[in-house]
>>> print(open('data13.cif').read())   # mmCIF, C-alpha atoms and all ligand atoms
data_model
#
loop_
_atom_site.label_atom_id
_atom_site.label_comp_id
_atom_site.auth_asym_id
_atom_site.auth_seq_id
_atom_site.Cartn_x
_atom_site.Cartn_y
_atom_site.Cartn_z
CA MET A 100 -0.78 -18.44 -35.95
CA LYS A 101 1.55 -21.24 -37.05
CA THR A 102 4.89 -20.45 -35.48
CA VAL A 103 5.89 -18.31 -32.52
CA ALA A 104 9.46 -17.36 -31.68
CA ILE A 105 10.14 -16.37 -28.06
CA ILE A 106 13.29 -14.48 -27.11
CA GLY A 107 14.17 -15.15 -23.48
CA GLY A 108 13.67 -18.22 -21.30
CA GLY A 109 12.97 -16.60 -17.93
CA PRO A 110 9.56 -16.95 -16.23
CA ALA A 111 7.75 -14.86 -18.90
CA GLY A 112 9.12 -16.66 -21.95
CA ALA A 113 9.03 -20.14 -20.43
CA MET A 114 5.43 -19.73 -19.28
CA ALA A 115 4.26 -18.46 -22.67
CA ALA A 116 6.14 -21.27 -24.44
CA GLU A 117 4.57 -23.92 -22.26
CA ARG A 118 1.01 -22.63 -22.66
CA LEU A 119 1.33 -22.11 -26.44
CA ALA A 120 2.91 -25.51 -27.04
CA ARG A 121 0.15 -27.18 -25.03
CA GLY A 122 -2.34 -25.33 -27.24
CA GLY A 123 -0.78 -26.85 -30.36
CA VAL A 124 1.31 -23.89 -31.56
CA ARG A 125 4.82 -24.51 -32.88
CA VAL A 126 7.09 -22.62 -30.49
CA THR A 127 10.83 -21.99 -30.64
CA LEU A 128 12.26 -20.35 -27.54
CA PHE A 129 15.75 -18.80 -27.66
CA GLU A 130 17.64 -18.48 -24.39
CA GLU A 131 21.30 -17.55 -24.29
CA LYS A 132 21.90 -18.99 -20.79
CA PRO A 133 19.28 -21.65 -20.04
CA GLY A 134 18.69 -22.12 -16.31
CA TRP A 135 21.17 -19.48 -15.08
CA GLU A 136 21.21 -17.84 -11.65
CA LYS A 137 19.51 -14.63 -12.75
CA PRO A 138 20.13 -11.87 -10.15
CA CYS A 139 17.02 -11.97 -7.99
CA GLY A 140 15.73 -12.29 -4.44
CA GLY A 141 13.80 -15.35 -5.60
CA ALA A 142 10.88 -14.74 -3.22
CA LEU A 143 7.48 -15.99 -4.35
CA THR A 144 4.48 -15.01 -2.28
CA ALA A 145 1.58 -17.23 -1.25
CA ARG A 146 -0.48 -15.68 -4.04
CA VAL A 147 1.99 -16.97 -6.67
CA LEU A 148 2.07 -20.43 -5.13
CA ARG A 149 -1.71 -20.56 -5.11
CA ARG A 150 -2.08 -19.60 -8.76
CA TYR A 151 0.86 -21.71 -9.96
CA SER A 152 0.51 -24.64 -7.59
CA PHE A 153 2.53 -26.84 -10.00
CA LEU A 154 5.66 -24.99 -8.80
CA THR A 155 5.88 -26.93 -5.56
CA ALA A 156 5.96 -30.19 -7.57
CA VAL A 157 8.30 -29.22 -10.43
CA ALA A 158 10.63 -27.06 -8.36
CA PRO A 159 10.43 -28.44 -4.82
CA GLU A 160 13.82 -27.07 -3.73
CA ALA A 161 12.61 -23.78 -2.27
CA ARG A 162 13.00 -22.60 1.31
CA TYR A 163 9.60 -21.95 2.85
CA VAL A 164 10.06 -19.07 5.24
CA ARG A 165 7.52 -18.43 8.00
CA GLU A 166 9.20 -15.67 9.94
CA ALA A 167 9.85 -12.11 8.77
CA GLN A 168 11.75 -9.25 10.30
CA PHE A 169 11.16 -5.70 9.08
CA ALA A 170 13.45 -2.83 9.99
CA GLY A 171 12.31 0.75 9.56
CA ALA A 172 14.19 3.99 9.77
CA LYS A 173 15.45 5.13 13.22
CA GLY A 174 16.16 1.56 14.42
CA VAL A 175 12.52 0.42 14.50
CA LEU A 176 12.32 -3.37 14.27
CA ALA A 177 9.43 -5.85 14.15
CA THR A 178 9.55 -9.63 13.95
CA PHE A 179 6.46 -11.68 13.21
CA ARG A 180 5.22 -14.99 11.88
CA LEU A 181 3.75 -15.16 8.42
CA ARG A 182 0.34 -16.75 8.20
CA GLN A 183 1.34 -18.27 4.86
CA PRO A 184 4.96 -19.03 4.00
CA VAL A 185 6.96 -17.22 1.34
CA ALA A 186 8.86 -19.63 -0.95
CA ILE A 187 12.39 -18.51 -1.78
CA TYR A 188 13.92 -20.03 -4.87
CA SER A 189 17.32 -20.18 -6.46
CA ARG A 190 16.51 -18.68 -9.85
CA ALA A 191 18.66 -21.29 -11.59
CA LYS A 192 16.40 -24.02 -10.19
CA LEU A 193 13.20 -22.12 -10.91
CA ASN A 194 14.21 -21.24 -14.49
CA ARG A 195 15.28 -24.81 -15.20
CA ALA A 196 11.97 -26.15 -13.92
CA LEU A 197 9.92 -23.71 -16.02
CA LEU A 198 11.96 -24.39 -19.15
CA GLY A 199 11.62 -28.13 -18.49
CA ARG A 200 7.83 -27.77 -18.45
CA ALA A 201 7.91 -25.83 -21.72
CA ALA A 202 10.06 -28.51 -23.38
CA GLU A 203 7.82 -31.26 -22.04
CA ALA A 204 4.80 -29.49 -23.57
CA GLY A 205 6.56 -29.57 -26.98
CA ALA A 206 8.33 -26.20 -27.22
CA GLU A 207 11.75 -26.29 -28.87
CA ILE A 208 14.34 -24.70 -26.56
CA VAL A 209 17.37 -23.37 -28.42
CA GLU A 210 20.48 -22.19 -26.59
CA ASP A 211 21.38 -19.09 -28.56
CA ARG A 212 21.49 -15.32 -28.24
CA ILE A 213 19.29 -13.44 -30.70
CA VAL A 214 21.23 -10.47 -31.98
CA SER A 215 18.68 -8.95 -34.34
CA LEU A 216 15.14 -9.31 -35.59
CA ALA A 217 13.63 -7.91 -38.77
CA ARG A 218 10.35 -8.09 -40.63
CA ALA A 219 10.20 -10.84 -43.28
CA GLY A 220 6.94 -10.69 -45.23
CA ALA A 221 4.08 -10.95 -42.74
CA GLY A 222 6.37 -12.46 -40.12
CA TRP A 223 9.86 -12.21 -38.68
CA ARG A 224 13.42 -13.20 -39.33
CA LEU A 225 15.50 -13.70 -36.20
CA GLU A 226 19.25 -13.82 -36.32
CA GLY A 227 21.00 -15.69 -33.57
CA ARG A 228 24.72 -16.12 -32.96
CA ARG A 229 24.38 -19.71 -34.16
CA GLN A 230 21.29 -19.89 -36.31
CA LEU A 231 18.53 -18.08 -38.19
CA CYS A 232 14.82 -18.53 -37.62
CA GLN A 233 11.59 -17.45 -39.33
CA ALA A 234 8.37 -17.06 -37.35
CA ASP A 235 4.86 -15.66 -37.77
CA PHE A 236 4.86 -13.97 -34.34
CA VAL A 237 7.60 -12.89 -31.98
CA LEU A 238 7.39 -12.54 -28.20
CA LEU A 239 10.12 -10.49 -26.55
CA ALA A 240 10.67 -11.80 -23.03
CA ALA A 241 14.37 -10.96 -22.80
CA GLY A 242 14.38 -9.20 -19.42
CA ALA A 243 15.10 -5.72 -18.11
CA ARG A 244 18.49 -5.20 -19.76
CA SER A 245 17.52 -6.11 -23.31
CA ARG A 246 17.58 -3.40 -25.98
CA LEU A 247 15.50 -5.45 -28.41
CA ARG A 248 12.32 -3.59 -27.46
CA VAL A 249 13.55 -0.23 -28.76
CA SER A 250 12.73 -0.68 -32.46
CA LEU A 251 9.24 -2.06 -31.67
CA ALA A 252 7.95 -0.29 -28.59
CA GLY A 253 10.40 2.53 -27.95
CA ASP A 254 12.53 2.83 -24.84
CA LEU A 255 11.69 3.11 -21.17
CA GLN A 256 13.10 6.09 -19.24
CA PRO A 257 15.93 5.82 -16.67
CA ARG A 258 13.35 6.79 -13.98
CA ASP A 259 11.46 3.59 -14.86
CA PHE A 260 14.18 1.46 -13.27
CA MET A 261 15.74 0.68 -9.95
CA HIS A 262 19.29 -0.51 -9.85
CA THR A 263 20.17 -3.35 -7.60
CA PHE A 264 23.31 -4.68 -6.02
CA GLY A 265 23.82 -7.74 -3.88
CA TYR A 266 25.60 -10.93 -2.80
CA TYR A 267 24.89 -14.64 -2.69
CA VAL A 268 26.04 -15.45 0.81
CA PRO A 269 26.68 -19.07 1.82
CA GLY A 270 24.67 -20.14 4.87
CA GLN A 271 21.16 -20.66 6.09
CA ASP A 272 18.55 -18.67 7.97
CA GLU A 273 14.98 -19.23 9.08
CA ARG A 274 13.75 -15.68 8.62
CA LEU A 275 13.58 -13.20 5.78
CA ARG A 276 14.62 -9.66 6.54
CA VAL A 277 13.73 -6.35 4.86
CA ALA A 278 15.08 -2.93 5.89
CA PHE A 279 13.76 0.46 4.82
CA PHE A 280 15.63 3.74 5.00
CA ASP A 281 14.54 7.25 5.84
CA ASP A 282 13.20 9.10 2.79
CA PHE A 283 14.66 6.67 0.24
CA GLU A 284 12.77 4.83 -2.52
CA GLY A 285 14.18 1.36 -2.09
CA TYR A 286 15.09 -1.23 0.53
CA ALA A 287 17.63 -3.86 1.53
CA TRP A 288 16.73 -7.55 1.85
CA ALA A 289 18.09 -10.87 2.99
CA PHE A 290 16.15 -13.83 1.58
CA PRO A 291 17.33 -17.27 2.71
CA ARG A 292 17.35 -20.07 0.14
CA THR A 293 18.09 -23.73 0.75
CA ASP A 294 21.88 -23.38 0.89
CA HIS A 295 22.60 -19.63 0.64
CA LEU A 296 21.03 -16.21 1.10
CA SER A 297 20.32 -13.60 -1.56
CA ILE A 298 21.21 -10.31 0.09
CA GLY A 299 20.72 -7.08 -1.81
CA VAL A 300 19.53 -3.53 -2.07
CA CYS A 301 17.55 -1.56 -4.65
CA GLY A 302 17.17 2.17 -5.28
CA ARG A 303 15.65 4.29 -8.00
CA VAL A 304 17.96 5.18 -10.90
CA GLY A 305 18.68 8.91 -10.74
CA ASP A 306 18.10 9.15 -6.97
CA SER A 307 21.12 7.17 -5.86
CA GLY A 308 24.33 6.00 -7.50
CA MET A 309 25.99 2.63 -7.06
CA PRO A 310 28.41 3.86 -4.33
CA GLU A 311 25.44 5.00 -2.21
CA LEU A 312 23.63 1.71 -2.77
CA ARG A 313 26.71 -0.26 -1.77
CA ALA A 314 27.09 1.86 1.36
CA ARG A 315 23.44 1.28 2.33
CA LEU A 316 23.85 -2.47 1.82
CA GLN A 317 27.06 -2.46 3.86
CA GLY A 318 25.18 -0.79 6.72
CA PHE A 319 22.50 -3.51 6.53
CA VAL A 320 25.14 -6.27 6.37
CA ASN A 321 26.99 -4.85 9.38
CA ARG A 322 23.82 -4.29 11.41
CA PHE A 323 22.63 -7.87 11.03
CA GLY A 324 26.02 -9.59 10.98
CA TYR A 325 26.02 -11.18 7.50
CA ARG A 326 29.41 -12.35 6.19
CA THR A 327 29.87 -11.22 2.59
CA ASP A 328 33.69 -11.66 2.28
CA GLY A 329 34.38 -13.54 -0.94
CA ALA A 330 30.66 -13.98 -1.68
CA PRO A 331 29.64 -13.78 -5.36
CA VAL A 332 28.37 -10.29 -6.23
CA TYR A 333 25.46 -9.40 -8.52
CA ALA A 334 23.97 -6.24 -10.01
CA HIS A 335 21.00 -5.87 -12.33
CA LEU A 336 18.19 -3.56 -13.39
CA LEU A 337 14.71 -3.85 -11.95
CA PRO A 338 11.84 -2.10 -13.77
CA ALA A 339 9.68 0.20 -11.60
CA LEU A 340 7.51 2.14 -14.06
CA THR A 341 6.14 5.55 -13.14
CA ALA A 342 2.40 6.16 -13.59
CA GLU A 343 3.20 8.44 -16.56
CA SER A 344 5.16 5.69 -18.29
CA TRP A 345 2.18 3.38 -17.91
CA SER A 346 0.06 5.78 -19.91
CA ASN A 347 2.51 5.52 -22.87
CA LEU A 348 3.25 1.82 -22.53
CA ARG A 349 3.10 -0.27 -25.72
CA LEU A 350 2.80 -3.97 -24.99
CA ALA A 351 1.98 -5.29 -28.46
CA GLY A 352 1.77 -4.47 -32.15
CA PRO A 353 1.39 -6.31 -35.45
CA GLN A 354 2.75 -9.84 -34.90
CA TRP A 355 4.75 -8.93 -31.78
CA ALA A 356 4.30 -8.57 -28.04
CA LEU A 357 6.37 -7.91 -24.90
CA ALA A 358 6.06 -9.84 -21.61
CA GLY A 359 7.69 -9.68 -18.20
CA ASP A 360 10.53 -7.30 -17.32
CA ILE A 361 11.19 -6.09 -20.86
CA ALA A 362 7.63 -4.76 -20.82
CA GLY A 363 8.17 -3.14 -17.39
CA LEU A 364 5.65 -5.43 -15.66
CA VAL A 365 7.00 -5.34 -12.11
CA ASP A 366 5.44 -4.11 -8.87
CA PRO A 367 7.14 -0.72 -8.42
CA VAL A 368 6.75 -0.75 -4.63
CA THR A 369 7.98 -4.26 -3.77
CA GLY A 370 9.99 -5.17 -6.90
CA GLU A 371 8.02 -8.40 -7.24
CA GLY A 372 8.30 -9.44 -10.89
CA VAL A 373 8.29 -13.22 -11.23
CA TYR A 374 4.50 -13.39 -10.81
CA TYR A 375 3.86 -10.66 -13.39
CA ALA A 376 6.33 -12.27 -15.79
CA MET A 377 4.57 -15.64 -15.55
CA ARG A 378 1.11 -14.13 -15.68
CA SER A 379 1.91 -11.92 -18.69
CA GLY A 380 3.37 -14.92 -20.55
CA GLU A 381 0.21 -16.82 -19.76
CA LEU A 382 -2.12 -13.97 -20.84
CA LEU A 383 -0.22 -13.55 -24.10
CA ALA A 384 -0.60 -17.28 -24.81
CA GLU A 385 -4.33 -17.10 -24.08
CA SER A 386 -4.71 -14.14 -26.47
CA LEU A 387 -2.92 -15.98 -29.27
CA LEU A 388 -4.72 -19.27 -28.71
CA GLU A 389 -8.06 -17.48 -28.84
CA GLY A 390 -7.01 -15.81 -32.10
CA SER A 391 -7.07 -12.28 -30.66
CA PRO A 392 -3.50 -11.08 -30.12
CA ALA A 393 -4.78 -7.48 -30.05
CA SER A 394 -6.64 -8.25 -26.79
CA TYR A 395 -3.38 -8.87 -24.89
CA PRO A 396 -2.81 -5.29 -23.58
CA GLN A 397 -6.42 -5.13 -22.36
CA ARG A 398 -6.04 -8.47 -20.59
CA ILE A 399 -2.90 -7.21 -18.85
CA TRP A 400 -4.68 -4.04 -17.77
CA GLN A 401 -7.69 -5.89 -16.39
CA ASP A 402 -5.70 -8.62 -14.71
CA PHE A 403 -3.02 -6.60 -12.90
CA GLY A 404 -2.02 -3.50 -14.91
CA SER A 405 -4.40 -1.13 -13.16
CA GLU A 406 -3.11 -2.38 -9.77
CA LEU A 407 0.49 -1.71 -10.81
CA VAL A 408 -0.45 1.85 -11.80
CA CYS A 409 -1.96 2.33 -8.32
CA ALA A 410 1.30 0.97 -6.90
CA ALA A 411 3.28 3.47 -9.00
CA ARG A 412 1.17 6.31 -7.55
CA LEU A 413 1.68 4.99 -4.01
CA ARG A 414 5.45 4.63 -4.11
CA ALA A 415 6.10 8.03 -2.64
CA LEU A 416 3.49 7.51 0.08
CA PHE A 417 5.13 4.26 1.08
CA TYR A 418 8.74 5.36 1.04
CA ARG A 419 8.81 9.11 1.44
CA THR A 420 5.67 10.61 2.92
CA ASP A 421 6.68 12.34 6.05
CA PHE A 422 3.85 11.40 8.39
CA LEU A 423 4.57 12.39 12.03
CA GLY A 424 8.30 12.59 11.24
CA SER A 425 8.88 9.20 9.55
CA PRO A 426 8.00 7.38 6.32
CA ILE A 427 4.74 5.45 6.49
CA SER A 428 6.67 2.15 6.22
CA THR A 429 8.42 2.97 9.51
CA HIS A 430 5.11 3.77 11.23
CA MET A 431 3.67 0.48 10.00
CA ILE A 432 6.66 -1.44 11.35
CA ARG A 433 6.50 0.39 14.68
CA PHE A 434 2.74 -0.09 15.11
CA SER A 435 2.81 -3.72 13.95
CA SER A 436 4.28 -4.75 17.28
CA ARG A 437 1.37 -3.17 19.14
CA SER A 438 -1.56 -3.44 16.79
CA GLN A 439 -2.97 -6.57 15.24
CA ALA A 440 -4.64 -4.45 12.57
CA VAL A 441 -1.32 -3.05 11.34
CA LEU A 442 0.37 -6.43 11.68
CA GLY A 443 -2.39 -7.91 9.48
CA LEU A 444 -1.77 -5.23 6.89
CA LEU A 445 1.98 -5.99 6.79
CA GLN A 446 1.26 -9.72 6.52
CA ASP A 447 -1.16 -9.12 3.65
CA LEU A 448 1.44 -7.04 1.83
CA ILE A 449 4.04 -9.80 2.13
CA GLU A 450 1.58 -12.53 1.19
CA GLY A 451 0.53 -10.55 -1.89
CA THR A 452 -3.13 -10.32 -0.91
CA GLN A 453 -3.36 -6.56 -0.24
CA ALA A 454 -4.70 -4.64 -3.29
CA TYR A 455 -3.02 -1.28 -3.89
CA SER A 456 -6.34 0.26 -4.87
CA ASN A 457 -7.53 0.30 -1.26
CA LEU A 458 -4.14 0.50 0.46
CA PRO A 459 -4.32 4.23 1.37
CA THR A 460 -7.74 3.76 3.00
CA ARG A 461 -6.47 0.76 4.88
CA ILE A 462 -3.21 2.41 5.93
CA TYR A 463 -4.86 5.53 7.29
CA GLY A 464 -7.75 3.55 8.79
CA ARG A 465 -5.35 1.14 10.48
CA VAL A 466 -3.03 3.82 11.76
CA ALA A 467 -6.00 5.54 13.39
CA ALA A 468 -7.34 2.23 14.72
CA SER A 469 -3.95 1.26 16.06
CA LEU A 470 -3.63 4.55 17.95
CA VAL A 471 -6.89 3.64 19.68
CA GLU A 472 -5.59 0.13 20.41
CA ILE A 473 -2.31 1.46 21.74
CA ALA A 474 -4.14 3.98 23.92
CA ALA A 475 -6.35 1.17 25.24
CA ASN A 476 -3.26 -0.89 25.91
CA SER A 477 -1.54 1.87 27.79
CA LEU A 478 -4.66 2.13 29.99
CA GLY A 479 -4.21 -1.55 30.85
CA ALA A 480 -6.88 -3.10 28.61
CA GLU A 481 -6.05 -6.57 27.22
CA LEU A 482 -5.53 -6.72 23.46
CA PRO A 483 -7.23 -9.73 21.86
CA TYR A 484 -4.15 -10.93 19.89
CA PRO A 485 -0.59 -12.08 20.45
CA ARG A 486 2.01 -9.33 20.27
CA SER A 487 4.88 -9.67 17.85
CA ALA A 488 8.30 -10.34 19.28
CA GLU A 489 10.29 -7.13 19.10
CA SER A 490 9.97 -3.46 18.46
C1 LIG B 501 18.14 -8.00 -7.64
C2 LIG B 501 16.72 -8.36 -7.99
C3 LIG B 501 15.92 -8.99 -7.03
C4 LIG B 501 14.63 -9.41 -7.37
N1 LIG B 501 13.90 -10.08 -6.43
C5 LIG B 501 12.68 -10.56 -6.76
C6 LIG B 501 11.95 -11.35 -5.85
O1 LIG B 501 12.41 -11.65 -4.74
N2 LIG B 501 10.72 -11.80 -6.22
C7 LIG B 501 10.19 -11.50 -7.44
O2 LIG B 501 9.07 -11.92 -7.73
N3 LIG B 501 10.88 -10.75 -8.34
C8 LIG B 501 12.11 -10.31 -8.04
N4 LIG B 501 12.84 -9.61 -8.97
C9 LIG B 501 12.27 -9.41 -10.31
C10 LIG B 501 12.40 -10.68 -11.14
O3 LIG B 501 13.73 -11.15 -11.09
C11 LIG B 501 12.01 -10.39 -12.60
O4 LIG B 501 10.82 -9.64 -12.60
C12 LIG B 501 11.79 -11.64 -13.42
O5 LIG B 501 12.96 -12.42 -13.51
C13 LIG B 501 11.32 -11.27 -14.83
O6 LIG B 501 11.22 -12.42 -15.64
P1 LIG B 501 11.41 -12.30 -17.21
O7 LIG B 501 11.16 -13.65 -17.75
O8 LIG B 501 10.63 -11.17 -17.73
O9 LIG B 501 12.93 -11.88 -17.41
P2 LIG B 501 14.27 -12.60 -16.97
O10 LIG B 501 14.05 -13.48 -15.80
O11 LIG B 501 15.29 -11.54 -16.88
O12 LIG B 501 14.59 -13.55 -18.19
C14 LIG B 501 14.98 -13.03 -19.44
C15 LIG B 501 15.83 -14.07 -20.12
O13 LIG B 501 16.13 -13.64 -21.45
C16 LIG B 501 17.43 -14.05 -21.78
N5 LIG B 501 17.89 -13.20 -22.89
C17 LIG B 501 18.11 -11.86 -22.84
N6 LIG B 501 18.46 -11.40 -24.05
C18 LIG B 501 18.45 -12.47 -24.88
C19 LIG B 501 18.72 -12.63 -26.27
N7 LIG B 501 19.05 -11.58 -27.04
N8 LIG B 501 18.64 -13.86 -26.82
C20 LIG B 501 18.31 -14.93 -26.04
N9 LIG B 501 18.05 -14.84 -24.71
C21 LIG B 501 18.11 -13.62 -24.15
C22 LIG B 501 18.22 -13.88 -20.49
O14 LIG B 501 19.35 -14.73 -20.46
C23 LIG B 501 17.18 -14.27 -19.45
O15 LIG B 501 17.28 -15.62 -19.05
C24 LIG B 501 14.13 -9.16 -8.66
C25 LIG B 501 14.92 -8.51 -9.61
C26 LIG B 501 16.21 -8.13 -9.27
C27 LIG B 501 17.06 -7.45 -10.32
#
>>> encode(input="data13.cif", output="structure tokens", more="lines below")
Ligand SMILES: Cc1cc2nc3c(=O)[nH]c(=O)nc-3n(C[C@H](O)[C@H](O)[C@H](O)COP(=O)(O)OP(=O)(O)OC[C@H]3O[C@@H](n4cnc5c(N)ncnc54)[C@H](O)[C@@H]3O)c2cc1C
Amino acid sequence: MKTVAIIGGGPAGAMAAERLARGGVRVTLFEEKPGWEKPCGGALTARVLRRYSFLTAVAPEARYVREAQFAGAKGVLATFRLRQPVAIYSRAKLNRALLGRAAEAGAEIVEDRIVSLARAGAGWRLEGRRQLCQADFVLLAAGARSRLRVSLAGDLQPRDFMHTFGYYVPGQDERLRVAFFDDFEGYAWAFPRTDHLSIGVCGRVGDSGMPELRARLQGFVNRFGYRTDGAPVYAHLLPALTAESWSNLRLAGPQWALAGDIAGLVDPVTGEGVYYAMRSGELLAESLLEGSPASYPQRIWQDFGSELVCAARLRALFYRTDFLGSPISTHMIRFSSRSQAVLGLLQDLIEGTQAYSNLPTRIYGRVAASLVEIAANSLGAELPYPRSAES
């Protein structure tokens, strides 16, 4: 592998470029808007910060949030401290930092939009708005909206996406907030950054249209008193693959691969994608550097793919299952104020340390355990943990 062209300079492309360049590969990365404020919550869990500990040094301007408030359906509310902070980034700052690392490692960063790619001998010919490029291998890391994947890997289905809508609201806050709705696959959020908040809502394409999403977000904004007048607005697609789509997913072929959002590598329950973008870029680089590009899909599957399929199967359980009259997320929020076991489960989910493969066992086990705790509490027994603030 002599030359690799990467289309897209978000977390997936930048990470792959940095790792490949460090490994001695000649890399050209094309990004049409280097370091832009890509529509995003910008929340990185403790798991991401542990794996990519360089982030705190190269992109120190994150807000580290230690308090979370979760709102369920029917007005249920729980506020609690996080054991490990969530870092919330402006995506412009994060993207710039990751691209800076790639450039420092020796990758060439070209500001250009690639408009087409075609086979040229054993490699590729890329046509940008400003220049042409030849490469032995091409990595598509152009994000959820890009159509470049269609000729190589086919298209994803509308059901494989959530649409999102939100605002960047000036101001500061010390707590992150997430609100669920009754029988709705999606949620609203308010994630405070250093000098503004990213406030938004997501819902599955096909289930809800933009007017409904906007109305849900307006309800959230009104309930918690955010001021969105004149605030910049954003909208974007967020992949949320179904389990069926995973079984047909093509991540690589002869001299090409997909990473990050364009591949659909996002947690379909939480919408977390930055970690999977960075990790897929890294795994692709490892495959190429070890001379086995064909091993990339297997590496994805073993590293996190099988977990994301579990998540896809659990979506309905999390958002829709009608368990004692409410979605399970609402029960978890309600019980978290009275049961340390349920609170621990919520904290693990936010910190990114709860595996989906054993989530159902833990949810049902904890709900049962919490009923016992709550019964003990109502009989006057002391619970061996601090209660959370509100319910
Ligand atoms: C509203 C919203 C909120 C989110 N919140 C979170 C969150 O809080 N935490 C989290 O972990 N994830 C979140 N995500 C998901 C996260 O934003 C993505 O998973 C992540 O950005 C994917 O990285 P990527 O590198 O694959 O793609 P992107 O970050 O989309 O980067 C792709 C890049 O390719 C460039 N590009 C596209 N086409 C071309 C072309 N033809 N030529 C050159 N360049 C091109 C684009 O300009 C872009 O910079 C959110 C997503 C949305 C939509």
>>> closest_residue(input="data13.cif", among="A:Arg150, A:Arg125, A:Arg118, A:Arg248", to="A:Ala201", atoms="all atoms listed in the file")
A:Arg118
>>> closest_residue(input="data13.cif", among="A:Lys101, A:Arg165, A:Arg224, A:Arg349", to="A:Leu275", atoms="all atoms listed in the file")
A:Arg165
>>> atom_distance(input="data13.cif", atom1="atom CA of A:Ser297", atom2="atom CA of A:Arg276")
10.7 Å
>>> atom_distance(input="data13.cif", atom1="atom CA of A:Leu348", atom2="atom CA of A:Gln256")
11.2 Å
>>> axis_aligned_box(input="data13.cif", around="ligand LIG 501 (chain B)", padding_each_side="3 Å", output="JSON")
{"center_x": 14.2, "center_y": -11.5, "center_z": -15.9, "size_x": 16.3, "size_y": 14.2, "size_z": 28.3}
>>> atom_distance(input="data13.cif", atom1="atom CA of A:Met309", atom2="atom N7 of ligand LIG 501 (chain B)")
25.5 Å
